[in-house]
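Colleague: This is the structure I want to talk about, given as structure tokens.
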Amino acid sequence: MAGITLENLEKYYRDPSRKERVPAVRSLNLDCRDGEFLVLLGPSGCGKTSTLRLIAGLEQADAGTIRIGGRVVNDLSPRQRNIGMAFENYALYPPLTVRDNLVFPLRARSVPDAEIERRLQFVVSTLGLAGILAKRPRELSGGEQQRVSLGRCLIRDADAFLLDEPLSHLDSELRMRMRIELKRIHHRTRQTTVYVTHDQLEAMALADRIAILRDGWLQQVGTPAEIFERPANLFVAGFVGEPPMNRIEGTLESESSCLFFRPRGSSFRIPLPDRTGRDLASAPETGLVMGIRPNRLSLGTDGGGPGLATRVRVYESLGEEGILEAEAEGCTLLLLVDPDLPLRSGESIAVRLHTDSIVWFESAGGRKIFPN
Amino acid sequence: MPTLELREVFKKYGTVEAVRGISLECRDREFLVILGPSGAGKTSTLKMIAGLEPLSGGEIRIDGRCADALPPKDRDVAMVFETYALYPHLTVCQNLAFPLRSPAFRLPEEQIEARVRETARILQMESLLHRRPAELSGGQKQRVSLGRALIRCPGLLLMDEPLSHLDAHLRHRMRRELKRMQAARQSTVVYVTHDYLEALALADRLVILDRGRVRQTGTPSEVYHSPADTSVALLLGHPRINLLSARIRNCDTDSDRLVLESEAGILPLPEEFRPLLQGRTEVVLGIRPHHIRLEEEASGHGWQGRVYAHENLGYRNLLEIEAGSCRLDVRCRESNFAVGSDTRLTFAESRLLLFDKNTGKNLKA
Amino acid sequence: MNPKRKRFHRLFSGRKAGVLLGLCGYALFALFPILWVGMMSFKSHRDIVSPTPEILFRPTLENYRAILPRSQEGPHETGRMDFLQCFRNSLRITLGALALSLAVGVPAAYVLARLSFRGKEDIAFLFLSFRFAPEIAVIIPVYLLFKELGLYNTYLGLILVYQLITLPLVVWIARGYFEEISKEVEQAAQLDGYSWWGIFTRVALPLVKPGIASTAVLTFIFAWNNFVFGLILGARETFPGTVATLGFISYESVLWGQMAAATVITILPPLALSIFIQKHLVRGLTLGAVRG
């Protein structure tokens, strides 16, 4: 087992139609600690898969160093890097049985039979494959194929595991089951794992830490809770969490030692607690964005926190929860509320803000100002 | 008079029966959602309504008239396809104008231009008018395809999983946008999806389709809260409803309390369940994951359980709890339970669902 | 190591170098006859017939001059035909055959791709079967038939018989292109109020235009290169360029140089088109129709 360190990693692809180099990964510094489950998260084209392929050695880095367990591996072939990888499309060998598929990487390295048997037993018991060892890939369900593919990756005594969207072809129910199983396997084996996905729920559920990428640039690294509660910038705030964080642009105003936030283009102000002034001491007075999660807004005026008069635009009752889109003078708010509420579109309704959970961003550049 | 009526409609592809006797009605200006898993026959049904596929049996009536002999262009029907089906060689503007230039409409050019501009304004794609489909993002294509359907002001609008190829955020946003447009719409809509959230959010009425048959019809709330059978119950909700087989004790003797013995634990039932359970020994108990409450104190009523897995997804927590010989899914807003810790599960009895052991039918329905 | 050196190393690492060398060798082998003919066309007759083949020689345009129009008053005494006339014949016949094939074959291909009716596959197969028998096997009956019908030594006759080459190509390739169009795009047009003819002309045809263009080029090349039909079913007035090269062989002598020059000129159109087709073989136009 070993950690993975990326230093100033760069990767460009050549775009044949425009004859220019398109950046895929840009001066990436990232650290996956020994035994850690690190998730690379981002929209398509953000460079997450390129990063994974660079670590695996399937692509050559244009600049920077890759270390696995302290050893620089830039010039080593994928084989020499001793890494296990599972692909999005499973990549099982169709003519071989599950058993042969599993031991294939070991036979390729001429591991002694007794050792093969020992590791096979371990993988079969960890992944619960005992019942399907004699089957061939096409006789397996999607979830089973996925387990075999993971098993083939686990069976090697690899220094680290790289997983490229392994759950993306499964339906949402199965995906949740596999998520849980993956997490349990990781708890048991504590293998260094780098996992690529575009699904923020997968990232939240699996990761020890999440690294968010966009256009090749690293946006934020942190635990799921950090990313969710204190996104480093507006992109992360909008990308993680569905419904996304409400982002309201506006300015600070103070009047007789009270602080207010005025959303752009509206006549009302939101009173802020006194300490906000200290929190935002370094911030510009204009060009602020207030970020607040839809579950930190609630209906009704009772209790603490400033209220806001809004009108219902859309209310969706979604069985387990409800999503309310409310509008106050051109500023739209999403609220996560209870299902089956008697709300009609156009109805007036008061919304209460939990000011403790507000995250402040500067609107130019979108960087987070508070909390830091 | 219903705008659209299907009577015992069948569809066979070779020997495969895709649709096996569907009957349904859709009222004027209603938003009807057909929900079902893949292979349920949803798209086949939609294409038969559009006239793109011939029926193997039954009858489709549009505005009270039998539509069997009508070609698609004479049905006053527009469709939004799952793959968008935009004309790749035409610009957005030409795509939108295409139906209006057809022999069926043949509007004068000034009118076409006005309609195109109006539609583009409503769907906020004025800046895209001169692009080709290949230069559009998924969400933009989806908008164009919706615009092309709406521009004709069709009597009947058919939508085949229009949001399924969008990424999660966009899908949720477009769903709310569709819902907002619903208020101002002119058409009757039949909307096909496999996503229960879309179905619950958009439908006036919901039709549940499974393996070519209608399982249940009703408002979203009816279908969600009193599903006709286990297959419908499993289709709506994430994680899926927990189904446990349970034995009934003391149903026929009036003396003791009514008790269910399930694989997960023993559950006393209120008296109003007694008539439902008369003459039965076994039932299937259904508990939705968000109707289970987790208590920290070990003592008290409810089932003893141990946390098998815990996922904090930000807005919600999903847990798997080992109770007795089975695992239950639990969904809650806040939870601090660590994996391996003990917990106690309690339920609101009014939310419990009971199904027949053999047929899967809801006993309360 | 700097990146450039690295790339160099990767390119010329042992195995790759071997493969590269093999490919070069094969290319040389395959192209050698053409190179030889090209060289020959610039040689004087003496150089050509010299017993030791010369790699280095003094190039001359004499052969080209001999077969091109300015030598009209030149030596006709060998009895060979007018090469330029034959070149024009080639153009006429090939383009005529191509036009006919496209006019008939593209709609046929559309029908075979989209409509379903009994015997559809049989008909499609029938078109393909045109290509099964070698031309030489059918040429005698066709010759007799043409004599009878008055089609022998006419452009029309040759255009018709060329359909044996061009039509199957057009039908089968165009059918593939039509099948690639998403069915739902056409269904959308159906709902938008168009008849099948409207869909064909306003949706399907524009979508496969690049495909049809490359099909046309490919078909042109095949038709252009045909030799047997022109030789047997044509005569002096209608001989295509490929047959004309034969005219440089007479009882007394073989005009190797002029023959080579004629060959080079005959090769030029398909060569130019081949280069063109490579650039324009874009099948991607239909991709924008689906999700992206």
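Letters A, B, ... go to the chains of the structure tokens in the order shown; residues in each chain start at 1; ligands are counted from 1 in the same order.
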Check which residues of range 60-158 of chain C sit at most 7 Å from range 257-266 of chain C using only C-alpha atoms, and return one row each with the closest pair of atoms and their distance in Å to one decimal, ordered by chain and rising number, as CSV.
Modeller:
```
residue,atom,partner,partner_atom,distance
C:Asn63,CA,C:Gln258,CA,4.7
C:Tyr64,CA,C:Ala261,CA,5.7
C:Ile67,CA,C:Gln258,CA,6.7
```
Colleague: Those same residues - N, CA and C atoms - I'd like them written as a short mmCIF file (atom, residue, chain, number, x, y, z; two decimals), in the first residue's frame.
Modeller:
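Just written: selection-v2.cif:
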```
data_model
loop_
_atom_site.label_atom_id
_atom_site.label_comp_id
_atom_site.auth_asym_id
_atom_site.auth_seq_id
_atom_site.Cartn_x
_atom_site.Cartn_y
_atom_site.Cartn_z
N ASN C 63 6.55 12.38 -75.21
CA ASN C 63 5.44 11.43 -75.24
C ASN C 63 4.10 12.14 -75.05
N TYR C 64 4.09 13.09 -74.12
CA TYR C 64 2.85 13.83 -73.87
C TYR C 64 2.48 14.66 -75.09
N ILE C 67 0.69 12.73 -77.83
CA ILE C 67 -0.71 12.28 -77.69
C ILE C 67 -1.68 13.41 -77.45
#
```
Colleague: Which residues come within 6 Å of range 92-107 of chain C, counting only C-alpha atoms, excluding same-chain residues fewer than 2 positions away, as a list in words?
Modeller: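 These residues fall inside the cut-off: Asn89, Ser90, Ala109, Tyr110, Ile159, Leu167, Val170, Val171, Ala223 and Trp224 of chain C.
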Colleague: Can you pull out every residue from range 55-204 of chain C that DSSP, working from the backbone, puts in helix (DSSP H, G or I), and format the result as a PyMOL selection string?
Modeller: chain C and resi 62-67+69-71+83-114+120-129+135-149+155-180+183-191+196-204
Colleague: Could you please select, counting only C-alpha atoms, the residues of chain A within 10 Å of chain C and state them as a list in words?
Modeller: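 Listed by rising number, the hits are Ala61, Asp62 and Ala63 of chain A.
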Colleague: Restricting it to all heavy atoms, dump the selection as a PDB file, in the first residue's frame.
Modeller:
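Okay, result-v1.pdb is ready:
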```pdb
ATOM      1  N   ALA A  61       2.485  12.260 -18.845  1.00  0.00           N
ATOM      2  CA  ALA A  61       2.339  13.631 -18.370  1.00  0.00           C
ATOM      3  C   ALA A  61       3.212  14.557 -19.212  1.00  0.00           C
ATOM      4  O   ALA A  61       4.298  14.180 -19.641  1.00  0.00           O
ATOM      5  CB  ALA A  61       2.742  13.723 -16.905  1.00  0.00           C
ATOM      6  N   ASP A  62       2.724  15.769 -19.470  1.00  0.00           N
ATOM      7  CA  ASP A  62       3.537  16.745 -20.191  1.00  0.00           C
ATOM      8  C   ASP A  62       4.456  17.504 -19.253  1.00  0.00           C
ATOM      9  O   ASP A  62       5.454  18.062 -19.673  1.00  0.00           O
ATOM     10  CB  ASP A  62       2.625  17.723 -20.947  1.00  0.00           C
ATOM     11  CG  ASP A  62       1.951  17.044 -22.130  1.00  0.00           C
ATOM     12  OD1 ASP A  62       2.659  16.372 -22.890  1.00  0.00           O
ATOM     13  OD2 ASP A  62       0.727  17.169 -22.271  1.00  0.00           O
ATOM     14  N   ALA A  63       4.086  17.573 -17.989  1.00  0.00           N
ATOM     15  CA  ALA A  63       4.961  18.194 -16.998  1.00  0.00           C
ATOM     16  C   ALA A  63       4.535  17.693 -15.629  1.00  0.00           C
ATOM     17  O   ALA A  63       3.431  17.187 -15.456  1.00  0.00           O
ATOM     18  CB  ALA A  63       4.856  19.710 -17.056  1.00  0.00           C
TER      19      ALA A  63
END
```
Colleague: Using only C-alpha atoms, find the residues of chain B whose closest atom to chain A is at most 6 Å away, then write them as a PyMOL selection string.
Modeller: chain B and resi 197+200-201+311+313
Colleague: Considering only C-alpha atoms, give me a table of residues in chain B that are at most 8 Å from chain C, with the closest atom pair and distance in Å for each, as JSON lines.
Modeller:
```
{"residue": "B:Ala50", "atom": "CA", "partner": "C:Leu191", "partner_atom": "CA", "distance": 7.6}
{"residue": "B:Leu52", "atom": "CA", "partner": "C:Gln187", "partner_atom": "CA", "distance": 6.9}
{"residue": "B:Pro72", "atom": "CA", "partner": "C:Leu191", "partner_atom": "CA", "distance": 5.3}
{"residue": "B:Lys73", "atom": "CA", "partner": "C:Gly193", "partner_atom": "CA", "distance": 4.4}
{"residue": "B:Asp74", "atom": "CA", "partner": "C:Gly193", "partner_atom": "CA", "distance": 7.6}
{"residue": "B:Val77", "atom": "CA", "partner": "C:Leu191", "partner_atom": "CA", "distance": 6.9}
{"residue": "B:Ala78", "atom": "CA", "partner": "C:Leu191", "partner_atom": "CA", "distance": 6.2}
{"residue": "B:Met79", "atom": "CA", "partner": "C:Ala188", "partner_atom": "CA", "distance": 7.2}
{"residue": "B:Phe81", "atom": "CA", "partner": "C:Glu184", "partner_atom": "CA", "distance": 7.3}
{"residue": "B:Thr83", "atom": "CA", "partner": "C:Val290", "partner_atom": "CA", "distance": 5.2}
{"residue": "B:Tyr84", "atom": "CA", "partner": "C:Val290", "partner_atom": "CA", "distance": 6.5}
{"residue": "B:Ala85", "atom": "CA", "partner": "C:Val185", "partner_atom": "CA", "distance": 4.4}
{"residue": "B:Leu86", "atom": "CA", "partner": "C:Ala289", "partner_atom": "CA", "distance": 5.3}
{"residue": "B:Tyr87", "atom": "CA", "partner": "C:Ala289", "partner_atom": "CA", "distance": 6.1}
{"residue": "B:Pro88", "atom": "CA", "partner": "C:Ala289", "partner_atom": "CA", "distance": 4.9}
{"residue": "B:His89", "atom": "CA", "partner": "C:Leu207", "partner_atom": "CA", "distance": 6.2}
{"residue": "B:Phe98", "atom": "CA", "partner": "C:Asp192", "partner_atom": "CA", "distance": 7.2}
{"residue": "B:Pro99", "atom": "CA", "partner": "C:Asp192", "partner_atom": "CA", "distance": 4.5}
{"residue": "B:Leu100", "atom": "CA", "partner": "C:Asp192", "partner_atom": "CA", "distance": 7.8}
{"residue": "B:Ser102", "atom": "CA", "partner": "C:Gly193", "partner_atom": "CA", "distance": 5.5}
{"residue": "B:Pro103", "atom": "CA", "partner": "C:Gly193", "partner_atom": "CA", "distance": 6.5}
{"residue": "B:Ala104", "atom": "CA", "partner": "C:Gly193", "partner_atom": "CA", "distance": 5.2}
{"residue": "B:Phe105", "atom": "CA", "partner": "C:Gly193", "partner_atom": "CA", "distance": 7.7}
{"residue": "B:Pro133", "atom": "CA", "partner": "C:Gly288", "partner_atom": "CA", "distance": 5.6}
{"residue": "B:Ala134", "atom": "CA", "partner": "C:Gly288", "partner_atom": "CA", "distance": 4.1}
{"residue": "B:Glu135", "atom": "CA", "partner": "C:Gly288", "partner_atom": "CA", "distance": 7.9}
{"residue": "B:Ser137", "atom": "CA", "partner": "C:Gly292", "partner_atom": "CA", "distance": 6.6}
{"residue": "B:Gly138", "atom": "CA", "partner": "C:Gly292", "partner_atom": "CA", "distance": 5.7}
{"residue": "B:Lys141", "atom": "CA", "partner": "C:Arg291", "partner_atom": "CA", "distance": 7.8}
{"residue": "B:His165", "atom": "CA", "partner": "C:Arg291", "partner_atom": "CA", "distance": 7.0}
```
Colleague: Near range 151-153 of chain A, within 12 Å and counting only C-alpha atoms, which residues show up once chain neighbours fewer than 6 positions away are dropped, as a PyMOL selection string?
Modeller: chain A and resi 82-87+90-93+98-107+116+119-130+133+144-145+159-164+166+182+185+191+193
Colleague: From a backbone DSSP assignment, name each residue in range 151-246 of chain A labelled strand (DSSP E or B), as a list in words.
Modeller: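 Of range 151-246 of chain A, only Ala160, Phe161, Leu162, Leu163, Asp164, Thr193, Val194, Tyr195, Val196, Thr197, Arg209, Ile210, Ala211, Ile212, Leu213, Arg214, Trp217, Leu218, Gln219, Gln220, Val221, Gly222, Asn233 and Asn246 of chain A fall in strand (DSSP E or B).
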Colleague: As number ranges by chain, please: the residues near Lys357 in chain B (cut-off 12 Å, only C-alpha atoms, same-chain neighbours under 4 positions excluded).
Modeller: B: 229-230, 243-248, 277, 280-286, 361-363
